[in-house]
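entry_28.txt (compact mmCIF, C-alpha atoms and all ligand atoms)
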```txt
# COMPACT_ATOMS: atom_id res chain seq x y z
CA MET T 1 0.52 7.35 -17.47
CA ILE T 2 -3.19 7.02 -16.72
CA LYS T 3 -3.76 5.38 -13.36
CA THR T 4 -7.00 4.17 -11.85
CA ILE T 5 -7.19 5.10 -8.22
CA ASN T 6 -9.73 3.93 -5.64
CA LYS T 7 -10.62 6.49 -3.04
CA ALA T 8 -13.16 6.27 -0.21
CA PHE T 9 -15.21 9.26 0.91
CA GLN T 10 -16.79 9.00 4.33
CA TYR T 11 -19.93 10.84 5.43
CA ARG T 12 -22.01 10.88 8.58
CA LEU T 13 -25.54 9.44 8.38
CA TYR T 14 -28.47 10.48 10.56
CA PRO T 15 -31.11 7.72 10.36
CA THR T 16 -34.49 8.14 12.05
CA VAL T 17 -35.47 5.77 14.89
CA GLU T 18 -37.51 3.76 12.35
CA GLN T 19 -34.55 3.59 9.96
CA GLU T 20 -32.19 2.56 12.75
CA LYS T 21 -34.33 -0.56 13.22
CA VAL T 22 -34.10 -1.40 9.52
CA LEU T 23 -30.35 -0.79 9.52
CA THR T 24 -29.92 -2.99 12.59
CA SER T 25 -31.71 -5.82 10.81
CA HIS T 26 -29.53 -5.31 7.71
CA PHE T 27 -26.37 -5.45 9.84
CA GLY T 28 -27.68 -8.58 11.53
CA GLN T 29 -28.54 -10.33 8.27
CA ALA T 30 -25.24 -9.42 6.62
CA ARG T 31 -23.46 -10.80 9.70
CA PHE T 32 -25.66 -13.93 9.69
CA VAL T 33 -24.84 -14.66 6.05
CA TYR T 34 -21.12 -14.13 6.63
CA ASN T 35 -21.00 -16.39 9.68
CA TYR T 36 -23.36 -19.02 8.22
CA PHE T 37 -21.27 -19.45 5.06
CA LEU T 38 -17.99 -19.33 6.94
CA ARG T 39 -19.32 -22.32 8.90
CA GLN T 40 -20.44 -23.99 5.63
CA ARG T 41 -17.05 -23.51 4.02
CA ILE T 42 -15.21 -24.87 7.07
CA ASP T 43 -17.53 -27.92 7.29
CA TYR T 44 -17.37 -28.61 3.55
CA TYR T 45 -13.59 -28.68 3.64
CA ALA T 46 -13.59 -30.91 6.73
CA THR T 47 -15.74 -33.56 5.00
CA ASN T 48 -14.33 -33.29 1.46
CA LYS T 49 -10.63 -32.84 2.12
CA GLY T 50 -8.60 -34.68 -0.52
CA GLN T 51 -11.57 -35.02 -2.90
CA GLU T 52 -11.57 -33.54 -6.38
CA LYS T 53 -13.69 -30.65 -5.15
CA GLN T 54 -12.67 -29.95 -1.59
CA SER T 55 -13.78 -26.37 -1.02
CA LEU T 56 -16.65 -23.99 -1.73
CA ASN T 57 -16.09 -20.83 -3.77
CA TYR T 58 -18.07 -17.61 -4.06
CA HIS T 59 -20.39 -18.95 -6.78
CA ASP T 60 -21.25 -22.07 -4.77
CA THR T 61 -22.17 -19.96 -1.76
CA ALA T 62 -24.19 -17.50 -3.90
CA LYS T 63 -26.27 -20.42 -5.22
CA MET T 64 -26.73 -21.79 -1.70
CA LEU T 65 -27.84 -18.36 -0.49
CA THR T 66 -30.64 -18.25 -3.09
CA GLU T 67 -31.86 -21.63 -1.80
CA LEU T 68 -31.49 -20.56 1.82
CA LYS T 69 -33.80 -17.60 1.23
CA GLN T 70 -36.58 -20.04 0.18
CA GLN T 71 -36.30 -22.10 3.38
CA PRO T 72 -39.11 -21.47 5.90
CA ASP T 73 -36.60 -20.95 8.75
CA THR T 74 -34.61 -18.32 6.94
CA VAL T 75 -37.20 -16.71 4.71
CA TRP T 76 -36.66 -13.48 6.67
CA LEU T 77 -33.44 -13.03 4.66
CA GLN T 78 -35.69 -11.77 1.86
CA GLU T 79 -36.37 -8.61 3.87
CA SER T 80 -32.83 -7.33 3.26
CA ASN T 81 -31.35 -5.74 0.20
CA SER T 82 -30.23 -8.84 -1.72
CA GLN T 83 -27.02 -7.25 -2.98
CA ALA T 84 -25.98 -6.47 0.58
CA LEU T 85 -26.18 -10.20 1.37
CA GLN T 86 -24.24 -11.15 -1.76
CA GLN T 87 -21.64 -8.59 -0.81
CA SER T 88 -21.20 -10.41 2.52
CA LEU T 89 -20.31 -13.52 0.53
CA ARG T 90 -17.78 -11.49 -1.47
CA HIS T 91 -16.21 -10.18 1.75
CA LEU T 92 -15.96 -13.74 3.02
CA ASP T 93 -14.37 -14.83 -0.25
CA ASN T 94 -11.87 -11.96 -0.01
CA ALA T 95 -11.03 -12.94 3.57
CA TYR T 96 -10.24 -16.48 2.33
CA ASN T 97 -8.18 -15.07 -0.49
CA HIS T 98 -6.22 -12.86 1.93
CA PHE T 99 -5.62 -15.87 4.15
CA PHE T 100 -4.33 -18.10 1.32
CA ASN T 101 -2.44 -15.56 -0.75
CA HIS T 102 -1.40 -12.65 1.43
CA GLY T 103 -0.45 -14.13 4.81
CA PHE T 104 -3.50 -12.82 6.70
CA LYS T 105 -5.20 -14.65 9.58
CA PHE T 106 -7.94 -17.20 8.93
CA PRO T 107 -11.37 -15.43 8.72
CA ASN T 108 -13.08 -14.88 12.06
CA PHE T 109 -16.76 -15.14 12.89
CA LYS T 110 -18.22 -11.63 13.10
CA LYS T 111 -19.38 -10.40 16.50
CA LYS T 112 -22.29 -8.14 17.30
CA SER T 113 -20.23 -6.03 19.70
CA ARG T 114 -17.82 -4.91 16.98
CA LYS T 115 -18.32 -2.40 14.19
CA GLN T 116 -21.48 -3.29 12.26
CA SER T 117 -21.66 -2.87 8.50
CA PHE T 118 -23.10 -3.92 5.18
CA SER T 119 -22.16 -2.94 1.61
CA VAL T 120 -24.18 -2.34 -1.52
CA PRO T 121 -22.38 -2.45 -4.87
CA GLN T 122 -24.93 -0.98 -7.31
CA ASN T 123 -28.24 0.80 -7.60
CA PHE T 124 -27.59 3.22 -4.79
CA ASN T 125 -27.36 6.96 -5.24
CA ILE T 126 -26.77 10.15 -3.33
CA ASP T 127 -29.25 12.97 -3.80
CA THR T 128 -27.09 16.05 -3.26
CA LYS T 129 -30.06 18.44 -3.32
CA MET T 130 -32.13 16.56 -0.74
CA LYS T 131 -28.97 15.40 1.08
CA GLN T 132 -30.15 11.81 1.11
CA LEU T 133 -28.63 8.39 0.57
CA ASN T 134 -30.94 6.13 -1.44
CA ILE T 135 -30.56 2.36 -1.17
CA PRO T 136 -33.16 -0.14 -2.49
CA LYS T 137 -35.37 -1.60 0.30
CA LEU T 138 -34.49 1.34 2.55
CA THR T 139 -36.16 4.74 2.85
CA PRO T 140 -33.88 7.74 2.02
CA ILE T 141 -31.42 8.37 4.87
CA LYS T 142 -30.21 11.84 5.79
CA ILE T 143 -26.53 12.28 4.89
CA VAL T 144 -24.17 15.20 5.66
CA LEU T 145 -21.97 15.88 2.63
CA HIS T 146 -19.22 17.90 4.30
CA ARG T 147 -16.88 17.51 1.33
CA GLY T 148 -17.13 16.84 -2.40
CA MET T 149 -16.67 13.52 -4.15
CA GLU T 150 -14.56 12.68 -7.22
CA GLY T 151 -14.77 9.94 -9.82
CA THR T 152 -17.36 7.22 -10.33
CA MET T 153 -19.15 5.68 -7.35
CA LYS T 154 -18.48 1.91 -7.14
CA ASN T 155 -20.07 0.89 -3.84
CA VAL T 156 -21.24 2.15 -0.49
CA THR T 157 -20.65 0.68 2.97
CA VAL T 158 -23.08 1.67 5.69
CA SER T 159 -21.68 1.19 9.19
CA LYS T 160 -22.38 1.79 12.85
CA ALA T 161 -19.36 2.51 15.04
CA PRO T 162 -19.21 1.16 18.62
CA SER T 163 -19.81 4.77 19.75
CA GLY T 164 -23.28 4.60 18.14
CA LYS T 165 -22.57 6.88 15.14
CA TYR T 166 -23.63 5.91 11.61
CA PHE T 167 -21.45 6.40 8.53
CA ALA T 168 -21.58 5.88 4.78
CA SER T 169 -18.26 5.20 3.08
CA VAL T 170 -18.50 5.67 -0.69
CA LEU T 171 -15.80 4.02 -2.78
CA CYS T 172 -15.02 5.94 -5.97
CA GLU T 173 -12.84 5.15 -8.96
CA ILE T 174 -10.75 8.08 -10.18
CA GLU T 175 -8.72 8.20 -13.39
CA LYS T 176 -5.59 10.30 -13.09
CA ASP T 177 -2.71 11.10 -15.41
CA VAL T 178 0.44 10.60 -13.28
CA LYS T 179 3.88 11.79 -14.40
CA PRO T 180 7.05 10.96 -12.44
CA LYS T 181 8.12 13.98 -10.39
CA LYS T 182 11.47 15.40 -11.56
CA GLU T 183 12.12 18.01 -8.86
CA GLY T 184 12.39 17.98 -5.11
CA LYS T 185 14.50 16.37 -2.41
CA GLU T 186 15.14 12.75 -1.55
CA THR T 187 14.55 11.78 2.02
CA GLY T 188 14.86 8.80 4.35
CA ILE T 189 12.44 8.52 7.26
CA ASP T 190 12.78 6.61 10.51
CA LEU T 191 9.61 5.95 12.52
CA GLY T 192 9.96 5.73 16.28
CA LEU T 193 8.38 5.85 19.70
CA LYS T 194 10.31 8.84 21.03
CA SER T 195 9.67 11.05 18.02
CA PHE T 196 7.01 9.94 15.59
CA LEU T 197 9.42 10.42 12.73
CA VAL T 198 12.97 11.65 12.04
CA THR T 199 14.01 12.59 8.51
CA SER T 200 17.47 12.38 6.98
CA GLU T 201 17.52 16.21 7.09
CA ASN T 202 17.42 15.72 10.88
CA GLU T 203 13.94 17.09 11.26
CA SER T 204 12.09 15.32 14.04
CA ILE T 205 8.32 15.36 14.14
CA GLU T 206 6.39 14.92 17.38
CA PRO T 207 2.75 13.87 17.52
CA PRO T 208 0.55 16.85 18.53
CA LYS T 209 0.12 17.36 22.30
CA PHE T 210 -3.67 16.95 22.22
CA LEU T 211 -3.19 13.48 20.77
CA ARG T 212 -0.99 12.49 23.72
CA LYS T 213 -3.60 13.93 26.10
CA SER T 214 -6.38 11.86 24.52
CA GLU T 215 -4.21 8.76 24.77
CA ASP T 216 -3.68 9.36 28.50
CA LYS T 217 -7.41 9.79 28.93
CA LEU T 218 -8.04 6.51 27.09
CA LYS T 219 -5.68 4.67 29.42
CA HIS T 220 -7.57 6.05 32.43
CA LEU T 221 -11.00 5.18 30.99
CA GLN T 222 -9.92 1.67 30.10
CA GLN T 223 -8.84 1.08 33.69
CA LEU T 224 -12.24 2.32 34.90
CA LEU T 225 -14.01 0.04 32.42
CA SER T 226 -12.08 -3.03 33.54
CA ARG T 227 -13.32 -2.51 37.13
CA LYS T 228 -17.02 -2.45 36.19
CA VAL T 229 -19.16 -5.56 36.59
CA LYS T 230 -19.85 -7.38 33.31
CA GLY T 231 -23.35 -6.87 31.94
CA SER T 232 -24.05 -3.91 34.25
CA ASN T 233 -25.50 -0.60 33.16
CA ARG T 234 -22.43 1.26 34.41
CA ARG T 235 -20.16 -0.97 32.36
CA ASN T 236 -22.16 -0.23 29.24
CA LYS T 237 -21.87 3.53 29.88
CA ALA T 238 -18.13 3.18 30.43
CA ARG T 239 -17.86 1.12 27.24
CA ILE T 240 -19.48 3.89 25.20
CA LYS T 241 -17.10 6.45 26.76
CA VAL T 242 -14.12 4.31 25.76
CA ALA T 243 -15.53 3.86 22.24
CA ARG T 244 -15.95 7.65 21.91
CA ILE T 245 -12.42 8.43 22.99
CA HIS T 246 -11.14 5.75 20.59
CA GLU T 247 -13.02 7.55 17.85
CA THR T 248 -11.61 10.97 18.86
CA ILE T 249 -8.06 9.56 18.91
CA SER T 250 -8.49 7.92 15.55
CA ASN T 251 -9.77 11.19 14.05
CA GLN T 252 -6.99 13.28 15.59
CA ARG T 253 -4.38 10.76 14.55
CA ASN T 254 -5.66 10.51 10.98
CA ASP T 255 -5.68 14.28 10.68
CA PHE T 256 -2.06 14.42 11.88
CA LEU T 257 -0.97 11.58 9.58
CA HIS T 258 -2.72 13.03 6.51
CA LYS T 259 -1.11 16.45 6.97
CA LEU T 260 2.33 14.93 7.50
CA SER T 261 2.15 12.47 4.60
CA HIS T 262 0.82 15.23 2.32
CA ARG T 263 3.74 17.49 3.26
CA LEU T 264 6.38 14.81 2.74
CA VAL T 265 5.00 13.86 -0.66
CA SER T 266 4.81 17.47 -1.83
CA GLU T 267 8.36 18.31 -0.67
CA ASN T 268 10.16 15.25 -2.05
CA GLN T 269 10.60 13.37 -5.30
CA ALA T 270 11.76 10.19 -3.56
CA ILE T 271 10.90 8.89 -0.09
CA PHE T 272 12.50 5.89 1.58
CA ALA T 273 11.25 4.16 4.71
CA GLU T 274 12.18 1.00 6.52
CA ASP T 275 10.35 -2.31 6.36
CA LEU T 276 7.79 -2.24 9.17
CA HIS T 277 8.34 -5.94 9.97
CA VAL T 278 11.52 -4.81 11.70
CA LYS T 279 9.49 -2.63 14.06
CA GLY T 280 7.05 -5.44 14.66
CA MET T 281 9.85 -7.58 16.02
CA ILE T 282 10.13 -5.33 19.07
CA LYS T 283 8.19 -7.32 21.65
CA ASN T 284 6.34 -4.81 23.76
CA HIS T 285 2.67 -4.97 24.54
CA CYS T 286 2.19 -1.59 26.16
CA LEU T 287 -0.52 0.77 24.96
CA ALA T 288 1.93 3.30 23.53
CA LYS T 289 3.38 0.57 21.33
CA SER T 290 0.05 -0.70 20.07
CA ILE T 291 -0.99 2.85 19.19
CA ALA T 292 2.33 3.46 17.45
CA ASP T 293 1.95 0.22 15.49
CA ALA T 294 -1.37 1.29 14.06
CA SER T 295 -0.06 4.77 13.25
CA TRP T 296 3.05 3.49 11.53
CA SER T 297 1.27 1.15 9.17
CA GLU T 298 -1.45 3.71 8.43
CA PHE T 299 1.21 6.36 7.81
CA ILE T 300 3.18 4.15 5.43
CA ARG T 301 -0.08 3.29 3.65
CA GLN T 302 -0.81 6.99 3.15
CA VAL T 303 2.71 7.90 2.01
CA LYS T 304 2.62 4.96 -0.42
CA TYR T 305 -0.64 5.84 -2.14
CA LYS T 306 -0.04 9.61 -2.12
CA SER T 307 3.39 9.01 -3.67
CA GLU T 308 1.78 6.88 -6.35
CA TRP T 309 -0.81 9.56 -7.09
CA ASN T 310 1.81 12.28 -7.37
CA GLY T 311 4.58 10.50 -9.27
CA VAL T 312 6.88 10.40 -6.22
CA TYR T 313 9.17 7.38 -5.88
CA PHE T 314 8.56 5.39 -2.69
CA GLY T 315 10.90 2.61 -1.56
CA GLN T 316 11.25 0.50 1.57
CA THR T 317 14.45 -1.03 2.88
CA ASP T 318 15.01 -4.72 3.03
CA ARG T 319 13.98 -6.16 6.36
CA PHE T 320 17.46 -7.56 6.97
CA PHE T 321 19.08 -4.18 6.64
CA PRO T 322 20.46 -3.06 10.05
CA SER T 323 19.36 0.58 9.86
CA SER T 324 19.83 1.25 13.59
CA LYS T 325 23.01 -0.74 14.20
CA ARG T 326 25.05 0.56 11.29
CA CYS T 327 27.01 3.84 11.54
CA PHE T 328 25.94 5.90 8.54
CA LYS T 329 29.36 7.56 8.20
CA CYS T 330 31.71 4.58 8.24
CA GLY T 331 29.51 1.49 8.07
CA TRP T 332 30.68 -0.02 11.38
CA ILE T 333 28.01 -2.29 12.88
CA ASN T 334 27.24 -1.89 16.59
CA GLU T 335 26.28 -5.44 17.54
CA SER T 336 25.68 -4.59 21.18
CA LEU T 337 23.10 -1.85 20.51
CA THR T 338 20.03 -2.08 22.77
CA LEU T 339 16.64 -0.37 22.55
CA ALA T 340 17.57 1.92 25.44
CA ASP T 341 20.62 3.38 23.66
CA ARG T 342 19.56 6.77 22.31
CA GLU T 343 23.12 7.58 21.21
CA TRP T 344 26.34 5.60 21.00
CA PRO T 345 30.03 6.23 20.17
CA CYS T 346 31.07 4.65 16.87
CA GLN T 347 34.21 2.53 17.13
CA GLY T 348 34.85 2.87 13.41
CA CYS T 349 35.02 6.65 13.00
CA GLY T 350 34.59 8.03 16.52
CA GLN T 351 31.43 10.07 15.92
CA VAL T 352 28.64 10.08 18.49
CA VAL T 353 25.71 8.52 16.67
CA ASP T 354 22.16 9.74 17.34
CA ARG T 355 19.96 6.67 17.04
CA ASP T 356 17.02 7.99 14.99
CA PHE T 357 18.99 10.39 12.78
CA ASN T 358 21.50 7.63 12.02
CA ALA T 359 18.68 5.26 11.02
CA SER T 360 17.13 7.83 8.67
CA GLN T 361 20.54 8.41 7.02
CA ASN T 362 21.03 4.68 6.52
CA ILE T 363 17.54 4.31 5.07
CA LEU T 364 18.25 7.11 2.59
CA GLN T 365 21.62 5.61 1.59
CA PHE T 366 20.13 2.16 1.17
CA GLY T 367 17.25 3.56 -0.85
CA LYS T 368 19.58 5.49 -3.16
CA LEU T 369 21.80 2.46 -3.73
CA SER T 370 18.80 0.29 -4.50
CA THR T 371 17.65 2.68 -7.17
CA VAL T 372 21.00 3.20 -8.89
CA GLY T 373 20.49 2.71 -12.62
CA GLN T 374 16.78 2.10 -12.14
CA ASP T 375 13.94 4.01 -13.69
CA MET T 376 12.58 5.95 -10.71
CA SER T 377 9.02 5.62 -11.92
CA LYS T 378 9.16 1.81 -11.81
CA PRO T 379 8.84 -0.27 -8.64
CA LEU T 380 12.04 -1.18 -6.91
CA LYS T 381 13.36 -4.65 -7.67
CA ARG T 382 13.65 -6.20 -4.23
CA PRO T 383 16.78 -8.26 -3.66
CA GLY T 384 16.34 -11.76 -2.19
CA ARG T 385 17.73 -12.55 1.21
CA PRO T 386 21.24 -13.78 0.36
CA ARG T 387 21.88 -10.81 -1.92
CA ALA T 388 20.55 -8.43 0.71
CA ILE T 389 23.00 -9.75 3.26
CA ARG T 390 25.87 -9.38 0.77
CA ARG T 391 24.70 -5.89 0.07
CA VAL T 392 24.88 -4.95 3.74
CA ALA T 393 28.51 -5.99 3.76
CA GLU T 394 29.15 -4.09 0.54
CA LEU T 395 27.39 -0.97 1.73
CA GLY T 396 30.11 0.04 4.17
CA SER T 397 32.92 0.00 1.64
CA ARG T 398 30.94 1.53 -1.19
CA LEU T 399 29.78 4.44 0.89
CA LEU T 400 33.13 5.35 2.46
ZN ZN L 501 31.27 5.38 12.26
```

Any chance you could give the structure as structure tokens?
Ligand SMILES: [Zn+2]
Amino acid sequence: MIKTINKAFQYRLYPTVEQEKVLTSHFGQARFVYNYFLRQRIDYYATNKGQEKQSLNYHDTAKMLTELKQQPDTVWLQESNSQALQQSLRHLDNAYNHFFNHGFKFPNFKKKSRKQSFSVPQNFNIDTKMKQLNIPKLTPIKIVLHRGMEGTMKNVTVSKAPSGKYFASVLCEIEKDVKPKKEGKETGIDLGLKSFLVTSENESIEPPKFLRKSEDKLKHLQQLLSRKVKGSNRRNKARIKVARIHETISNQRNDFLHKLSHRLVSENQAIFAEDLHVKGMIKNHCLAKSIADASWSEFIRQVKYKSEWNGVYFGQTDRFFPSSKRCFKCGWINESLTLADREWPCQGCGQVVDRDFNASQNILQFGKLSTVGQDMSKPLKRPGRPRAIRRVAELGSRLL
């Protein structure tokens, strides 16, 4: 089956001092347009609620933008690449769409202190000989192409990280013929805080030591930052240090996650994981948890898309499935299990249950049951809540 896959390739940019000024003004204008039209859309709804037309869509805002550029107060918007400004409107429209249809938060106003960016959908190109990124209204910017690109370029996003580095992220469309994988193992994976991951083959994977070290350093730097006076020079220096270590951690973590997800996908023909909402229910606001949260969802994202690209079946358990509480051997449910219990004696069969290994076994069993009689290349039909609860009760007896 031919699949169209979107893949982003990120490269470092080295603008000159002159170009940095132009980029700064592009970031500012893209942010202005986003915030201005977010305000317009909010106000329009407030005054027209209940009317036949109660909200503004992308096309309304695009028309308004053209008029805005003619106004004496905002004529400076003409200095920017016009597609970059239109793209801001698209991003805003997507944010609304995510809010209404996918359970995301209501769009926020963009702040200057965060990551700055603008996107250009067409008419840009990368000169591989001269190593330059060409965007209309901008002079060619030096780009370091440390790896090749595949597919057709769809758009480019130019950004400045809080650490001060510039990047170009090129989104490409790749066509790939994917056939369902017929060989390899089936595995269940349990994500955790103690080990990053435990598989149903009882392999536990720890995050690399250097990643832990960077995380300790971040904790220390954040404490230092919080003691500095707001608006002071020292605080700004400390802020850049924190931003840099954030960047290092995110690079180290991504490298670790990519290698691990690649390995899992190449070794297995089916991978089952739990629903991450279950993990989210653990109320804990410590740093380790917030880092783990980000890693888990990024890891699942990677396993999901790499599985899709390689014809591997990927399934997630129902969120009402008690993967930790249920003994994988006999199906007895330990209602009194707490987060601190690393192992517990099963009252059904007498075995001593290791928390993470048990969960990975349950996830694998649940995954296998869910796919019985199903074409492995098709998405799993997710049972509704009542059926899922029945299934939990059934599981014990069917697996004995
Ligand atoms: Zn048992």

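Taking all atoms listed in the file into account, ligand ZN 501 (chain L) lies nearest to T:Asn334 out of the set T:Asn334, T:Asn6, T:Gln365, T:Gln302.
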
All residues having an atom within 9 Å of ligand ZN 501 (chain L) (all atoms listed in the file) as a list in words
Arg326, Cys327, Phe328, Lys329, Cys330, Gly331, Trp332, Ile333, Pro345, Cys346, Gln347, Gly348, Cys349, Gly350, Gln351, Val352 and Val353 of chain T

Here atom CA of Asn155 of chain T and atom CA of Phe314 of chain T stand apart by 29.0 Å

For segment 81-90 of chain T, work out the shell of residues within 10 Å, counting all atoms listed in the file and skipping chain neighbours fewer than 2 positions away, then give it as a VMD selection string. chain T and resid 26 to 27 29 to 38 57 to 59 61 to 62 65 to 66 69 77 to 79 92 to 96 117 to 123 135 to 138 156 to 157

What does the file look like for those residues with C-alpha atoms, as a PDB file, in the coordinates of the input?
```
ATOM      1  CA  HIS T  26     -29.530  -5.310   7.710  1.00  0.00           C
ATOM      2  CA  PHE T  27     -26.370  -5.450   9.840  1.00  0.00           C
ATOM      3  CA  GLN T  29     -28.540 -10.330   8.270  1.00  0.00           C
ATOM      4  CA  ALA T  30     -25.240  -9.420   6.620  1.00  0.00           C
ATOM      5  CA  ARG T  31     -23.460 -10.800   9.700  1.00  0.00           C
ATOM      6  CA  PHE T  32     -25.660 -13.930   9.690  1.00  0.00           C
ATOM      7  CA  VAL T  33     -24.840 -14.660   6.050  1.00  0.00           C
ATOM      8  CA  TYR T  34     -21.120 -14.130   6.630  1.00  0.00           C
ATOM      9  CA  ASN T  35     -21.000 -16.390   9.680  1.00  0.00           C
ATOM     10  CA  TYR T  36     -23.360 -19.020   8.220  1.00  0.00           C
ATOM     11  CA  PHE T  37     -21.270 -19.450   5.060  1.00  0.00           C
ATOM     12  CA  LEU T  38     -17.990 -19.330   6.940  1.00  0.00           C
ATOM     13  CA  ASN T  57     -16.090 -20.830  -3.770  1.00  0.00           C
ATOM     14  CA  TYR T  58     -18.070 -17.610  -4.060  1.00  0.00           C
ATOM     15  CA  HIS T  59     -20.390 -18.950  -6.780  1.00  0.00           C
ATOM     16  CA  THR T  61     -22.170 -19.960  -1.760  1.00  0.00           C
ATOM     17  CA  ALA T  62     -24.190 -17.500  -3.900  1.00  0.00           C
ATOM     18  CA  LEU T  65     -27.840 -18.360  -0.490  1.00  0.00           C
ATOM     19  CA  THR T  66     -30.640 -18.250  -3.090  1.00  0.00           C
ATOM     20  CA  LYS T  69     -33.800 -17.600   1.230  1.00  0.00           C
ATOM     21  CA  LEU T  77     -33.440 -13.030   4.660  1.00  0.00           C
ATOM     22  CA  GLN T  78     -35.690 -11.770   1.860  1.00  0.00           C
ATOM     23  CA  GLU T  79     -36.370  -8.610   3.870  1.00  0.00           C
ATOM     24  CA  LEU T  92     -15.960 -13.740   3.020  1.00  0.00           C
ATOM     25  CA  ASP T  93     -14.370 -14.830  -0.250  1.00  0.00           C
ATOM     26  CA  ASN T  94     -11.870 -11.960  -0.010  1.00  0.00           C
ATOM     27  CA  ALA T  95     -11.030 -12.940   3.570  1.00  0.00           C
ATOM     28  CA  TYR T  96     -10.240 -16.480   2.330  1.00  0.00           C
ATOM     29  CA  SER T 117     -21.660  -2.870   8.500  1.00  0.00           C
ATOM     30  CA  PHE T 118     -23.100  -3.920   5.180  1.00  0.00           C
ATOM     31  CA  SER T 119     -22.160  -2.940   1.610  1.00  0.00           C
ATOM     32  CA  VAL T 120     -24.180  -2.340  -1.520  1.00  0.00           C
ATOM     33  CA  PRO T 121     -22.380  -2.450  -4.870  1.00  0.00           C
ATOM     34  CA  GLN T 122     -24.930  -0.980  -7.310  1.00  0.00           C
ATOM     35  CA  ASN T 123     -28.240   0.800  -7.600  1.00  0.00           C
ATOM     36  CA  ILE T 135     -30.560   2.360  -1.170  1.00  0.00           C
ATOM     37  CA  PRO T 136     -33.160  -0.140  -2.490  1.00  0.00           C
ATOM     38  CA  LYS T 137     -35.370  -1.600   0.300  1.00  0.00           C
ATOM     39  CA  LEU T 138     -34.490   1.340   2.550  1.00  0.00           C
ATOM     40  CA  VAL T 156     -21.240   2.150  -0.490  1.00  0.00           C
ATOM     41  CA  THR T 157     -20.650   0.680   2.970  1.00  0.00           C
TER      42      THR T 157
END
```

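Reported to one decimal place, the separation of atom CA of Leu171 of chain T from atom CA of Gln19 of chain T is 22.7 Å.
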
Interatomic distance, atom CA of Leu218 of chain T to atom CA of Ile249 of chain T (Å, one decimal)
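Distance reported for this atom pair: 8.7 Å.
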